[in-house]
file model-v5.cif (mmCIF, C-alpha atoms (C1' of nucleotides))
data_work
loop_
_atom_site.label_atom_id
_atom_site.label_comp_id
_atom_site.auth_asym_id
_atom_site.auth_seq_id
_atom_site.Cartn_x
_atom_site.Cartn_y
_atom_site.Cartn_z
CA MET V 1 0.00 0.00 0.00
CA ALA V 2 2.23 2.75 -1.31
CA THR V 3 1.23 6.05 0.26
CA THR V 4 1.63 8.17 -2.83
CA ARG V 5 0.70 11.83 -3.01
CA GLY V 6 -2.63 11.29 -4.70
CA GLU V 7 -3.55 8.77 -2.06
CA LEU V 8 -2.91 11.31 0.66
CA THR V 9 -5.18 13.93 -0.83
CA ARG V 10 -7.76 11.29 -1.55
CA GLN V 11 -7.81 10.37 2.11
CA ALA V 12 -7.94 14.01 3.14
CA ILE V 13 -10.93 14.49 0.88
CA LEU V 14 -12.68 11.42 2.24
CA ASP V 15 -12.03 12.37 5.85
CA HIS V 16 -13.49 15.80 5.36
CA ALA V 17 -16.36 14.46 3.27
CA ALA V 18 -17.24 11.88 5.91
CA GLY V 19 -17.59 14.56 8.57
CA LEU V 20 -19.60 16.77 6.27
CA ALA V 21 -21.86 13.96 5.07
CA ALA V 22 -22.93 13.15 8.60
CA GLN V 23 -24.27 16.68 8.88
CA ILE V 24 -25.77 17.39 5.46
CA GLY V 25 -26.25 13.90 4.08
CA LEU V 26 -24.45 11.86 1.44
CA GLU V 27 -26.65 13.33 -1.25
CA GLY V 28 -26.08 16.84 0.06
CA LEU V 29 -22.35 16.48 -0.50
CA SER V 30 -21.20 18.58 -3.43
CA ILE V 31 -17.95 18.48 -5.32
CA GLY V 32 -17.72 22.26 -5.43
CA ARG V 33 -18.20 22.62 -1.71
CA LEU V 34 -15.60 19.97 -0.94
CA ALA V 35 -13.11 21.53 -3.36
CA GLU V 36 -13.56 24.92 -1.78
CA ASP V 37 -13.16 23.60 1.76
CA LEU V 38 -9.99 21.74 0.84
CA LYS V 39 -8.63 24.44 -1.48
CA LEU V 40 -8.62 22.20 -4.50
CA SER V 41 -10.12 22.73 -7.91
CA LYS V 42 -13.41 21.03 -8.64
CA SER V 43 -11.93 19.06 -11.50
CA GLY V 44 -8.85 18.11 -9.51
CA LEU V 45 -10.96 16.74 -6.72
CA PHE V 46 -13.38 15.06 -9.08
CA ALA V 47 -10.56 13.24 -10.85
CA HIS V 48 -9.98 11.16 -7.72
CA PHE V 49 -13.42 9.60 -7.89
CA LYS V 50 -14.73 9.81 -11.50
CA SER V 51 -18.30 10.11 -10.22
CA LYS V 52 -20.20 11.42 -7.25
CA GLU V 53 -21.63 8.00 -6.56
CA ALA V 54 -18.13 6.55 -6.30
CA LEU V 55 -17.28 9.32 -3.86
CA GLN V 56 -20.33 8.44 -1.76
CA VAL V 57 -19.38 4.79 -1.70
CA GLN V 58 -15.84 5.60 -0.63
CA VAL V 59 -17.09 7.94 2.07
CA LEU V 60 -19.15 5.07 3.44
CA GLU V 61 -16.13 2.79 3.31
CA THR V 62 -14.00 5.34 5.11
CA THR V 63 -16.61 5.70 7.80
CA ARG V 64 -16.95 1.97 8.10
CA GLN V 65 -13.24 1.73 8.80
CA GLN V 66 -13.50 4.41 11.47
CA PHE V 67 -16.42 2.57 12.98
CA VAL V 68 -14.43 -0.62 13.15
CA ASP V 69 -11.49 1.17 14.75
CA ARG V 70 -13.44 3.14 17.29
CA VAL V 71 -16.37 0.89 18.12
CA VAL V 72 -15.85 -2.71 17.09
CA LYS V 73 -12.16 -3.36 17.75
CA PRO V 74 -12.03 -1.82 21.24
CA GLY V 75 -15.26 -3.66 22.00
CA LEU V 76 -13.70 -6.98 21.09
CA THR V 77 -11.07 -6.56 23.79
CA ALA V 78 -13.77 -6.94 26.45
CA PRO V 79 -14.49 -10.45 27.75
CA ARG V 80 -16.98 -12.22 25.56
CA GLY V 81 -20.67 -12.25 26.32
CA GLU V 82 -22.37 -9.56 28.32
CA PRO V 83 -19.27 -7.45 29.07
CA ARG V 84 -18.49 -7.30 25.37
CA LEU V 85 -22.06 -6.38 24.52
CA ARG V 86 -21.85 -3.57 27.06
CA ALA V 87 -18.55 -2.37 25.64
CA LEU V 88 -19.92 -2.35 22.11
CA PHE V 89 -22.95 -0.43 23.25
CA ASP V 90 -20.88 2.11 25.18
CA ASN V 91 -18.56 2.59 22.25
CA TRP V 92 -21.49 3.09 19.94
CA LEU V 93 -22.90 5.80 22.18
CA ALA V 94 -19.51 7.51 22.29
CA TRP V 95 -19.38 7.23 18.50
CA GLY V 96 -22.79 8.84 18.14
CA ARG V 97 -21.87 11.63 20.55
CA GLY V 98 -18.41 12.15 19.07
CA ASN V 99 -19.36 12.74 15.46
CA ALA V 100 -20.57 16.21 14.67
CA GLY V 101 -23.53 15.10 12.59
CA GLY V 102 -24.24 11.91 14.52
CA CYS V 103 -23.81 8.46 13.06
CA LEU V 104 -23.47 8.58 9.29
CA PHE V 105 -24.95 5.11 8.93
CA VAL V 106 -28.12 6.04 10.76
CA ASN V 107 -28.52 9.18 8.69
CA THR V 108 -27.77 7.49 5.41
CA ALA V 109 -30.06 4.58 6.24
CA ILE V 110 -33.03 6.91 6.05
CA GLU V 111 -31.69 8.94 3.17
CA PHE V 112 -31.20 5.89 0.96
CA ASP V 113 -33.91 3.48 2.01
CA ASP V 114 -35.80 4.51 -1.12
CA ARG V 115 -32.82 4.87 -3.49
CA PRO V 116 -31.63 1.64 -5.05
CA GLY V 117 -27.98 1.49 -6.05
CA PRO V 118 -24.52 0.66 -4.77
CA VAL V 119 -24.72 3.15 -1.90
CA ARG V 120 -27.84 1.53 -0.53
CA ASP V 121 -26.41 -1.94 -1.08
CA LEU V 122 -23.25 -1.14 0.82
CA LEU V 123 -25.26 0.40 3.59
CA VAL V 124 -27.46 -2.65 3.97
CA GLN V 125 -24.39 -4.83 4.18
CA ASN V 126 -22.85 -2.65 6.88
CA GLN V 127 -26.00 -2.68 8.95
CA ARG V 128 -26.39 -6.44 8.62
CA ASP V 129 -22.80 -6.94 9.71
CA TRP V 130 -23.31 -4.75 12.75
CA LEU V 131 -26.55 -6.49 13.74
CA ASP V 132 -24.90 -9.86 13.23
CA LEU V 133 -21.99 -8.85 15.42
CA LEU V 134 -24.40 -7.86 18.17
CA ALA V 135 -26.40 -11.05 17.80
CA ASN V 136 -23.29 -13.21 17.83
CA THR V 137 -22.08 -11.46 20.94
CA VAL V 138 -25.38 -12.37 22.55
CA ARG V 139 -25.04 -15.97 21.39
CA ALA V 140 -21.62 -16.16 23.00
CA GLY V 141 -23.17 -14.62 26.10
CA ALA V 142 -25.70 -17.41 26.20
CA ARG V 143 -22.91 -20.00 26.05
CA GLU V 144 -21.17 -18.17 28.90
CA GLY V 145 -24.35 -18.40 30.94
CA HIS V 146 -25.06 -14.69 30.84
CA PHE V 147 -28.18 -14.85 28.73
CA ASP V 148 -31.11 -17.19 28.42
CA PRO V 149 -30.23 -19.61 25.58
CA GLU V 150 -33.93 -20.01 24.76
CA LEU V 151 -34.29 -16.41 23.62
CA ASP V 152 -33.60 -15.09 20.15
CA PRO V 153 -30.30 -13.18 19.84
CA ASP V 154 -31.42 -11.49 16.61
CA GLN V 155 -34.43 -10.11 18.41
CA LEU V 156 -32.15 -8.65 21.07
CA ALA V 157 -29.92 -7.13 18.42
CA HIS V 158 -32.94 -5.62 16.69
CA GLU V 159 -34.24 -4.08 19.89
CA LEU V 160 -30.81 -2.84 20.81
CA TYR V 161 -30.62 -1.03 17.52
CA GLY V 162 -33.99 0.52 18.27
CA ILE V 163 -32.57 1.85 21.52
CA MET V 164 -29.69 3.39 19.61
CA LEU V 165 -32.09 4.99 17.15
CA GLY V 166 -34.09 6.31 20.08
CA TRP V 167 -30.91 7.86 21.42
CA THR V 168 -30.29 9.54 18.05
CA HIS V 169 -33.77 10.97 17.93
CA ALA V 170 -33.85 12.25 21.51
CA ALA V 171 -30.28 13.51 21.54
CA ARG V 172 -29.96 15.10 18.15
CA LEU V 173 -33.42 16.34 17.30
CA LEU V 174 -35.05 16.88 20.68
CA ARG V 175 -31.86 17.73 22.58
CA ASP V 176 -33.39 15.86 25.49
CA PRO V 177 -31.14 16.38 28.54
CA LYS V 178 -32.30 13.05 29.93
CA VAL V 179 -31.37 11.09 26.83
CA GLU V 180 -28.36 9.44 28.40
CA GLU V 181 -30.27 8.26 31.41
CA ARG V 182 -33.24 7.08 29.34
CA THR V 183 -30.98 5.17 26.98
CA ARG V 184 -29.10 3.44 29.79
CA PHE V 185 -32.35 2.57 31.50
CA ALA V 186 -33.73 1.00 28.33
CA PHE V 187 -30.49 -0.89 27.79
CA GLU V 188 -30.47 -2.36 31.28
CA ALA V 189 -34.12 -3.33 31.01
CA LEU V 190 -33.42 -5.08 27.73
CA LEU V 191 -30.48 -7.03 29.14
CA ASP V 192 -32.56 -7.94 32.13
CA ARG V 193 -35.21 -9.51 29.94
CA TYR V 194 -32.58 -11.66 28.29
CA ARG V 195 -30.63 -12.58 31.37
CA ARG V 196 -30.58 -16.18 32.51
CA LYS V 197 -33.12 -16.34 35.27
CA MET J 1 -63.01 28.62 4.97
CA ALA J 2 -63.84 29.59 1.43
CA THR J 3 -62.57 26.87 -0.89
CA THR J 4 -61.39 29.13 -3.65
CA ARG J 5 -59.61 27.91 -6.73
CA GLY J 6 -56.15 28.84 -5.54
CA GLU J 7 -56.77 26.99 -2.32
CA LEU J 8 -57.63 23.84 -4.23
CA THR J 9 -54.44 23.83 -6.26
CA ARG J 10 -52.47 24.72 -3.15
CA GLN J 11 -53.83 21.63 -1.44
CA ALA J 12 -53.17 19.51 -4.52
CA ILE J 13 -49.58 20.73 -4.52
CA LEU J 14 -49.14 20.02 -0.83
CA ASP J 15 -50.67 16.57 -1.07
CA HIS J 16 -48.34 15.60 -3.87
CA ALA J 17 -45.37 17.25 -2.21
CA ALA J 18 -46.03 15.43 1.05
CA GLY J 19 -45.91 12.07 -0.68
CA LEU J 20 -42.81 13.00 -2.58
CA ALA J 21 -41.02 14.44 0.43
CA ALA J 22 -41.37 11.19 2.34
CA GLN J 23 -39.38 9.51 -0.40
CA ILE J 24 -36.76 12.07 -1.37
CA GLY J 25 -36.70 14.32 1.67
CA LEU J 26 -37.98 17.82 2.35
CA GLU J 27 -34.75 19.31 1.08
CA GLY J 28 -34.88 17.16 -2.01
CA LEU J 29 -38.21 18.65 -3.01
CA SER J 30 -37.80 20.95 -5.98
CA ILE J 31 -40.21 23.50 -7.36
CA GLY J 32 -39.49 22.47 -10.94
CA ARG J 33 -40.16 18.81 -10.26
CA LEU J 34 -43.41 19.57 -8.48
CA ALA J 35 -44.54 21.90 -11.27
CA GLU J 36 -43.83 19.28 -13.88
CA ASP J 37 -45.65 16.54 -11.97
CA LEU J 38 -48.70 18.73 -11.49
CA LYS J 39 -48.55 20.31 -14.95
CA LEU J 40 -48.13 23.80 -13.59
CA SER J 41 -45.57 26.43 -14.38
CA LYS J 42 -42.70 26.83 -11.93
CA SER J 43 -43.61 30.43 -11.25
CA GLY J 44 -47.32 29.67 -10.92
CA LEU J 45 -46.60 27.02 -8.34
CA PHE J 46 -44.01 29.11 -6.58
CA ALA J 47 -46.48 32.01 -6.20
CA HIS J 48 -48.49 29.93 -3.76
CA PHE J 49 -45.66 29.75 -1.26
CA LYS J 50 -43.27 32.68 -1.86
CA SER J 51 -40.31 30.57 -0.71
CA LYS J 52 -39.21 26.98 -0.62
CA GLU J 53 -38.94 27.06 3.14
CA ALA J 54 -42.58 28.12 3.42
CA LEU J 55 -43.47 25.21 1.17
CA GLN J 56 -41.56 22.83 3.43
CA VAL J 57 -43.33 24.15 6.50
CA GLN J 58 -46.72 23.74 4.87
CA VAL J 59 -45.88 20.23 3.73
CA LEU J 60 -45.13 19.38 7.35
CA GLU J 61 -48.39 20.94 8.45
CA THR J 62 -50.32 18.99 5.82
CA THR J 63 -48.70 15.77 6.96
CA ARG J 64 -49.39 16.60 10.58
CA GLN J 65 -53.06 16.92 9.76
CA GLN J 66 -53.03 13.56 7.98
CA PHE J 67 -51.27 12.04 10.97
CA VAL J 68 -53.93 13.38 13.31
CA ASP J 69 -56.69 12.06 11.08
CA ARG J 70 -55.25 8.64 10.49
CA VAL J 71 -53.37 7.87 13.68
CA VAL J 72 -54.39 10.08 16.59
CA LYS J 73 -58.14 10.55 16.14
CA PRO J 74 -58.99 6.90 15.51
CA GLY J 75 -56.73 6.01 18.41
CA LEU J 76 -58.67 8.25 20.75
CA THR J 77 -61.84 6.28 20.13
CA ALA J 78 -60.32 3.30 21.95
CA PRO J 79 -60.91 3.03 25.71
CA ARG J 80 -58.34 5.03 27.63
CA GLY J 81 -55.23 3.43 29.02
CA GLU J 82 -53.66 0.34 27.56
CA PRO J 83 -56.22 -0.27 24.80
CA ARG J 84 -55.73 3.27 23.57
CA LEU J 85 -51.96 2.91 23.66
CA ARG J 86 -52.28 -0.26 21.59
CA ALA J 87 -54.57 1.46 19.12
CA LEU J 88 -52.17 4.38 18.73
CA PHE J 89 -49.30 2.00 18.19
CA ASP J 90 -51.22 -0.08 15.65
CA ASN J 91 -52.28 3.03 13.78
CA TRP J 92 -48.73 4.28 13.74
CA LEU J 93 -47.52 1.02 12.22
CA ALA J 94 -50.25 1.21 9.59
CA TRP J 95 -49.22 4.81 8.91
CA GLY J 96 -45.60 3.81 8.45
CA ARG J 97 -46.55 0.96 6.14
CA GLY J 98 -49.11 2.97 4.23
CA ASN J 99 -46.93 5.88 3.16
CA ALA J 100 -44.75 5.21 0.18
CA GLY J 101 -41.63 6.77 1.67
CA GLY J 102 -42.37 5.83 5.26
CA CYS J 103 -43.10 8.36 7.97
CA LEU J 104 -42.20 11.86 6.86
CA PHE J 105 -41.55 12.94 10.44
CA VAL J 106 -39.02 10.20 11.04
CA ASN J 107 -37.22 11.01 7.80
CA THR J 108 -37.26 14.75 8.34
CA ALA J 109 -36.13 14.36 11.93
CA ILE J 110 -32.78 13.09 10.72
CA GLU J 111 -32.61 15.42 7.75
CA PHE J 112 -33.09 18.52 9.89
CA ASP J 113 -31.51 17.67 13.22
CA ASP J 114 -28.53 19.77 12.15
CA ARG J 115 -30.40 22.53 10.31
CA PRO J 116 -31.77 25.28 12.53
CA GLY J 117 -34.82 27.12 11.27
CA PRO J 118 -38.61 27.04 11.21
CA VAL J 119 -38.75 23.58 9.67
CA ARG J 120 -36.74 22.08 12.48
CA ASP J 121 -38.71 24.01 15.08
CA LEU J 122 -42.01 22.77 13.76
CA LEU J 123 -40.68 19.25 13.63
CA VAL J 124 -39.52 19.33 17.22
CA GLN J 125 -42.92 20.57 18.29
CA ASN J 126 -44.68 17.77 16.41
CA GLN J 127 -42.45 15.12 17.95
CA ARG J 128 -42.89 16.51 21.44
CA ASP J 129 -46.66 16.52 20.99
CA TRP J 130 -46.64 12.93 19.86
CA LEU J 131 -44.41 11.77 22.72
CA ASP J 132 -46.57 13.70 25.17
CA LEU J 133 -49.68 12.06 23.81
CA LEU J 134 -48.12 8.64 24.30
CA ALA J 135 -46.94 9.51 27.81
CA ASN J 136 -50.31 10.92 28.79
CA THR J 137 -52.00 7.80 27.51
CA VAL J 138 -49.71 5.82 29.78
CA ARG J 139 -50.51 8.09 32.70
CA ALA J 140 -54.21 7.48 32.15
CA GLY J 141 -53.43 3.78 31.95
CA ALA J 142 -51.80 3.96 35.37
CA ARG J 143 -54.93 5.59 36.79
CA GLU J 144 -57.00 2.81 35.23
CA GLY J 145 -54.80 0.26 36.94
CA HIS J 146 -53.22 -1.01 33.72
CA PHE J 147 -49.71 0.23 34.37
CA ASP J 148 -47.50 0.57 37.40
CA PRO J 149 -47.95 4.14 38.68
CA GLU J 150 -44.41 4.14 40.04
CA LEU J 151 -42.86 3.97 36.59
CA ASP J 152 -42.06 6.92 34.36
CA PRO J 153 -44.52 7.38 31.48
CA ASP J 154 -42.07 9.55 29.55
CA GLN J 155 -39.56 6.73 29.65
CA LEU J 156 -42.13 4.37 28.20
CA ALA J 157 -42.97 6.88 25.47
CA HIS J 158 -39.28 7.26 24.65
CA GLU J 159 -38.75 3.52 24.40
CA LEU J 160 -41.90 3.12 22.37
CA TYR J 161 -40.59 5.62 19.89
CA GLY J 162 -37.36 3.64 19.71
CA ILE J 163 -39.38 0.56 18.79
CA MET J 164 -41.04 2.53 16.01
CA LEU J 165 -37.68 3.71 14.75
CA GLY J 166 -36.47 0.13 14.85
CA TRP J 167 -39.42 -0.82 12.72
CA THR J 168 -38.52 1.89 10.21
CA HIS J 169 -34.94 0.71 9.98
CA ALA J 170 -35.72 -2.98 9.65
CA ALA J 171 -38.70 -2.56 7.36
CA ARG J 172 -37.53 0.13 5.01
CA LEU J 173 -33.78 -0.32 4.78
CA LEU J 174 -33.25 -3.97 5.59
CA ARG J 175 -36.59 -5.22 4.24
CA ASP J 176 -36.54 -7.69 7.11
CA PRO J 177 -39.46 -10.10 6.61
CA LYS J 178 -39.65 -10.61 10.36
CA VAL J 179 -39.96 -6.91 11.13
CA GLU J 180 -43.63 -7.12 12.04
CA GLU J 181 -43.13 -9.97 14.45
CA ARG J 182 -40.04 -8.41 16.01
CA THR J 183 -41.79 -5.11 16.48
CA ARG J 184 -44.83 -6.71 18.12
CA PHE J 185 -42.62 -8.77 20.36
CA ALA J 186 -40.71 -5.71 21.51
CA PHE J 187 -43.94 -3.82 22.08
CA GLU J 188 -45.43 -6.58 24.22
CA ALA J 189 -42.25 -6.89 26.23
CA LEU J 190 -42.25 -3.16 26.86
CA LEU J 191 -45.87 -3.14 28.02
CA ASP J 192 -45.14 -6.10 30.23
CA ARG J 193 -42.39 -4.24 32.03
CA TYR J 194 -44.79 -1.41 32.75
CA ARG J 195 -47.78 -3.50 33.69
CA ARG J 196 -49.06 -3.40 37.24
CA LYS J 197 -47.70 -6.51 38.83
"C1'" DG D 1 18.85 16.49 -15.95
"C1'" DA D 2 15.39 14.77 -19.32
"C1'" DC D 3 11.42 11.94 -19.75
"C1'" DA D 4 6.78 9.57 -18.22
"C1'" DG D 5 3.14 9.30 -15.59
"C1'" DA D 6 0.61 10.91 -11.89
"C1'" DT D 7 -1.77 14.91 -10.11
"C1'" DA D 8 -3.95 19.24 -10.31
"C1'" DC D 9 -5.88 23.25 -12.65
"C1'" DG D 10 -9.04 26.40 -15.49
"C1'" DA D 11 -12.57 26.85 -18.45
"C1'" DA D 12 -16.54 25.40 -20.17
"C1'" DC D 13 -20.67 22.08 -20.91
"C1'" DG D 14 -25.80 21.51 -20.29
"C1'" DA D 15 -28.95 20.96 -16.60
"C1'" DT D 16 -31.29 22.38 -12.70
"C1'" DC D 17 -31.84 25.14 -8.63
"C1'" DG D 18 -34.80 29.08 -6.14
"C1'" DT D 19 -36.48 33.38 -7.25
"C1'" DT D 20 -38.15 37.70 -9.65
"C1'" DC D 21 -40.29 40.05 -13.11
"C1'" DT D 22 -44.16 41.16 -16.50
"C1'" DA D 23 -47.93 39.64 -18.98
"C1'" DT D 24 -51.66 36.92 -19.61
"C1'" DT D 25 -55.93 34.31 -18.33
"C1'" DC D 26 -59.41 33.18 -15.25
"C1'" DT D 27 -63.19 34.02 -11.58
"C1'" DC D 28 -66.59 36.37 -9.50
"C1'" DC D 29 -69.18 40.36 -7.94
"C1'" DA D 30 -71.29 45.07 -8.91
"C1'" DT K 1 -71.47 42.86 -18.86
"C1'" DG K 2 -67.53 44.98 -17.38
"C1'" DG K 3 -63.99 45.54 -14.43
"C1'" DA K 4 -61.12 44.25 -10.21
"C1'" DG K 5 -58.35 40.96 -8.27
"C1'" DA K 6 -56.88 36.30 -7.98
"C1'" DA K 7 -54.39 32.70 -10.38
"C1'" DT K 8 -51.31 31.06 -13.77
"C1'" DA K 9 -47.89 31.40 -17.39
"C1'" DG K 10 -43.48 32.63 -19.67
"C1'" DA K 11 -39.01 34.27 -19.81
"C1'" DA K 12 -35.09 35.35 -17.64
"C1'" DC K 13 -31.72 36.06 -13.47
"C1'" DG K 14 -27.49 34.37 -11.14
"C1'" DA K 15 -25.92 30.42 -8.78
"C1'" DT K 16 -24.71 25.82 -8.40
"C1'" DC K 17 -24.84 21.09 -9.82
"C1'" DG K 18 -21.98 16.88 -11.87
"C1'" DT K 19 -19.04 16.14 -15.56
"C1'" DT K 20 -15.60 16.63 -19.56
"C1'" DC K 21 -11.55 18.27 -21.82
"C1'" DG K 22 -7.18 20.16 -22.73
"C1'" DT K 23 -3.21 21.87 -20.40
"C1'" DA K 24 -0.02 22.75 -16.95
"C1'" DT K 25 2.71 21.27 -12.99
"C1'" DC K 26 4.56 18.10 -10.07
"C1'" DT K 27 7.01 13.54 -8.74
"C1'" DG K 28 9.97 9.96 -9.06
"C1'" DT K 29 13.12 7.06 -12.35
"C1'" DC K 30 16.72 6.22 -15.70
#
call {"tool": "encode", "arguments": {"input": "model-v5.cif", "output": "structure tokens"}}
result
Amino acid sequence: MATTRGELTRQAILDHAAGLAAQIGLEGLSIGRLAEDLKLSKSGLFAHFKSKEALQVQVLETTRQQFVDRVVKPGLTAPRGEPRLRALFDNWLAWGRGNAGGCLFVNTAIEFDDRPGPVRDLLVQNQRDWLDLLANTVRAGAREGHFDPELDPDQLAHELYGIMLGWTHAARLLRDPKVEERTRFAFEALLDRYRRK
Amino acid sequence: MATTRGELTRQAILDHAAGLAAQIGLEGLSIGRLAEDLKLSKSGLFAHFKSKEALQVQVLETTRQQFVDRVVKPGLTAPRGEPRLRALFDNWLAWGRGNAGGCLFVNTAIEFDDRPGPVRDLLVQNQRDWLDLLANTVRAGAREGHFDPELDPDQLAHELYGIMLGWTHAARLLRDPKVEERTRFAFEALLDRYRRK
DNA sequence: GACAGATACGAACGATCGTTCTATTCTCCA
DNA sequence: TGGAGAATAGAACGATCGTTCGTATCTGTC
């Protein structure tokens, strides 16, 4: 992976674009705006991607990598089962709080749920991977004796994602000061339902 | 309320725009596209609203009225307390399923959580009203003996909204065939936690 | 130090955006 | 029936969109 000059600017573009996209949407990204922000010419910037759609895809891929680095990998260092599920959840909350526009995947999920194409496809894959990771963590938790092995791990993952979406809504739109407390409460109640009795 | 000619076309515009906005977003709405769809001139259509932002606000108001008619009002005919909460929830699911682009409020919530202005303000008000309605229904349910009066109705409303958002994500992005069943399961589990023991 | 390829620029393309005019056409009441 | 005012149309505005093309500058190699 030779870090040539073009590769450096490409990454700089993608980093900036990823931050911007979380705030104004992947569709709201514009080549001109990006070029101006980064003091490049429109055509010079465009040449790195050949199309806006390719830029959008690469922005998603960049963000996915950041997500893995900041949420998934540190989460996997926690002991498997419930502690790992808690770590993943905590990291996700920190991720949502830490990004200026919130979680790009959550935003893009709604932006593209009606727009077929490679962006949507990639997004679906990312979300499935994340839900599968959560569900598998629950499965391991059942083997460890943390969770009731009779209950459906995919259902837990689905509900957990709903809690995260609820956090997004209350934190970012409503600016609810109790959002943290409400989210934790919901999380604990969910775990409790799935705990081995 | 004199139903003049201009008022008729205005409503026709708003009805079409509301459907379109749910699919491509409030920001994605364009005067030219609307004019073409409705066989009007751009300027003729524009004259009804004087600005795109005013159009967006009125689209939200139109949708709010539809929401009241199709979700809230029929819900209020159910007996107060738990039955009413169930009716509201069922109607909301039907509303989400019935609209081509999903729930406009959910979509716009994410589109505008970073964009200050009258559209965002109106949206916040709508969402607060809806959450308050849910919470008040729970409060009434506690008085009826359906729910535990020690538990926080606003928390239940918040979690209920998270379940709805989870439905949106699984149904519209992931096209999860089990979304209905998962959503119902989560809803029942939530009610169970809040039931008077 | 010259050459080759990668990288960036500037100008321009047609299309569309929201918005502003002026000029029609319609509607309805005196 | 004529005239006032509402409703729509048409043309044009400056701006921005994604994209293309030809040209210049840089970078690293022989």
call {"tool": "resolve_selection", "arguments": {"input": "model-v5.cif", "expression": "the PyMOL selection byres ((chain V) within 8 of (chain K))", "output": "list in words"}}
result
Ser30, Ile31, Ser51 and Lys52 of chain V
call {"tool": "residues_near_point", "arguments": {"input": "model-v5.cif", "point": "(-1.0, 11.0, -10.6)", "cutoff": "12 Å", "atoms": "only C-alpha atoms (C1' of nucleotides)", "output": "ChimeraX atom specification"}}
result
/V:4-10,44,47-48 /D:4-8 /K:25-28
call {"tool": "interface_residues", "arguments": {"input": "model-v5.cif", "of": "chain J", "to": "chain V", "cutoff": "10 Å", "atoms": "only C-alpha atoms", "output": "ChimeraX atom specification"}}
result
/J:22-25,27-28,100-102,106-115,120-121,123-125,127-128,154-156,158-175,178-179,181-183,185-187,189-190,193
call {"tool": "resolve_selection", "arguments": {"input": "model-v5.cif", "expression": "the PyMOL selection byres ((chain V and resi 93) around 10)", "output": "PyMOL selection string"}}
result
chain V and resi 71+87-92+94-98+102-103+164+167-168+180+183
call {"tool": "atom_distance", "arguments": {"input": "model-v5.cif", "atom1": "atom CA of J:Lys50", "atom2": "atom CA of J:Asp37"}}
result
19.2 Å
call {"tool": "atom_distance", "arguments": {"input": "model-v5.cif", "atom1": "atom CA of V:Arg196", "atom2": "atom CA of V:Glu144"}}
result
10.3 Å
call {"tool": "resolve_selection", "arguments": {"input": "model-v5.cif", "expression": "the PyMOL selection byres ((chain D) within 10 of (chain J))", "output": "ChimeraX atom specification"}}
result
/D:16-20,27
call {"tool": "atom_distance", "arguments": {"input": "model-v5.cif", "atom1": "atom CA of V:Asn136", "atom2": "atom CA of V:Leu85"}}
result
9.6 Å
call {"tool": "axis_aligned_box", "arguments": {"input": "model-v5.cif", "around": "stretch 7-20 of chain K", "padding_each_side": "6 Å", "output": "lines of an AutoDock Vina configuration file"}}
result
center_x = -35.0
center_y = 26.1
center_z = -14.1
size_x = 50.8
size_y = 31.9
size_z = 23.4
call {"tool": "residues_around", "arguments": {"input": "model-v5.cif", "residues": "V:Gln56", "least_positions_apart": "2", "cutoff": "9 Å", "atoms": "all atoms listed in the file", "output": "list in words"}}
result
Ala17, Ala18, Ala21, Leu26, Glu27, Leu29, Ser51, Lys52, Glu53, Ala54, Gln58, Val59, Leu60, Glu61 and Val119 of chain V
call {"tool": "closest_residue", "arguments": {"input": "model-v5.cif", "among": "V:Leu133, V:Arg80, V:Pro177, V:Leu45", "to": "V:His146", "atoms": "all atoms listed in the file"}}
result
V:Arg80
call {"tool": "decode", "arguments": {"input": "model-v5.cif", "residues": "stretch 32-48 of chain V", "atoms": "C-alpha atoms", "output": "PDB file, in the first residue's frame"}}
result
ATOM      1  CA  GLY V  32     -17.716  22.259  -5.427  1.00  0.00           C
ATOM      2  CA  ARG V  33     -18.198  22.617  -1.709  1.00  0.00           C
ATOM      3  CA  LEU V  34     -15.601  19.969  -0.941  1.00  0.00           C
ATOM      4  CA  ALA V  35     -13.114  21.527  -3.359  1.00  0.00           C
ATOM      5  CA  GLU V  36     -13.557  24.921  -1.783  1.00  0.00           C
ATOM      6  CA  ASP V  37     -13.156  23.600   1.759  1.00  0.00           C
ATOM      7  CA  LEU V  38      -9.990  21.742   0.839  1.00  0.00           C
ATOM      8  CA  LYS V  39      -8.633  24.438  -1.478  1.00  0.00           C
ATOM      9  CA  LEU V  40      -8.624  22.201  -4.503  1.00  0.00           C
ATOM     10  CA  SER V  41     -10.118  22.728  -7.909  1.00  0.00           C
ATOM     11  CA  LYS V  42     -13.412  21.026  -8.636  1.00  0.00           C
ATOM     12  CA  SER V  43     -11.930  19.063 -11.495  1.00  0.00           C
ATOM     13  CA  GLY V  44      -8.848  18.110  -9.513  1.00  0.00           C
ATOM     14  CA  LEU V  45     -10.957  16.739  -6.717  1.00  0.00           C
ATOM     15  CA  PHE V  46     -13.381  15.063  -9.080  1.00  0.00           C
ATOM     16  CA  ALA V  47     -10.558  13.240 -10.846  1.00  0.00           C
ATOM     17  CA  HIS V  48      -9.979  11.159  -7.719  1.00  0.00           C
TER      18      HIS V  48
END
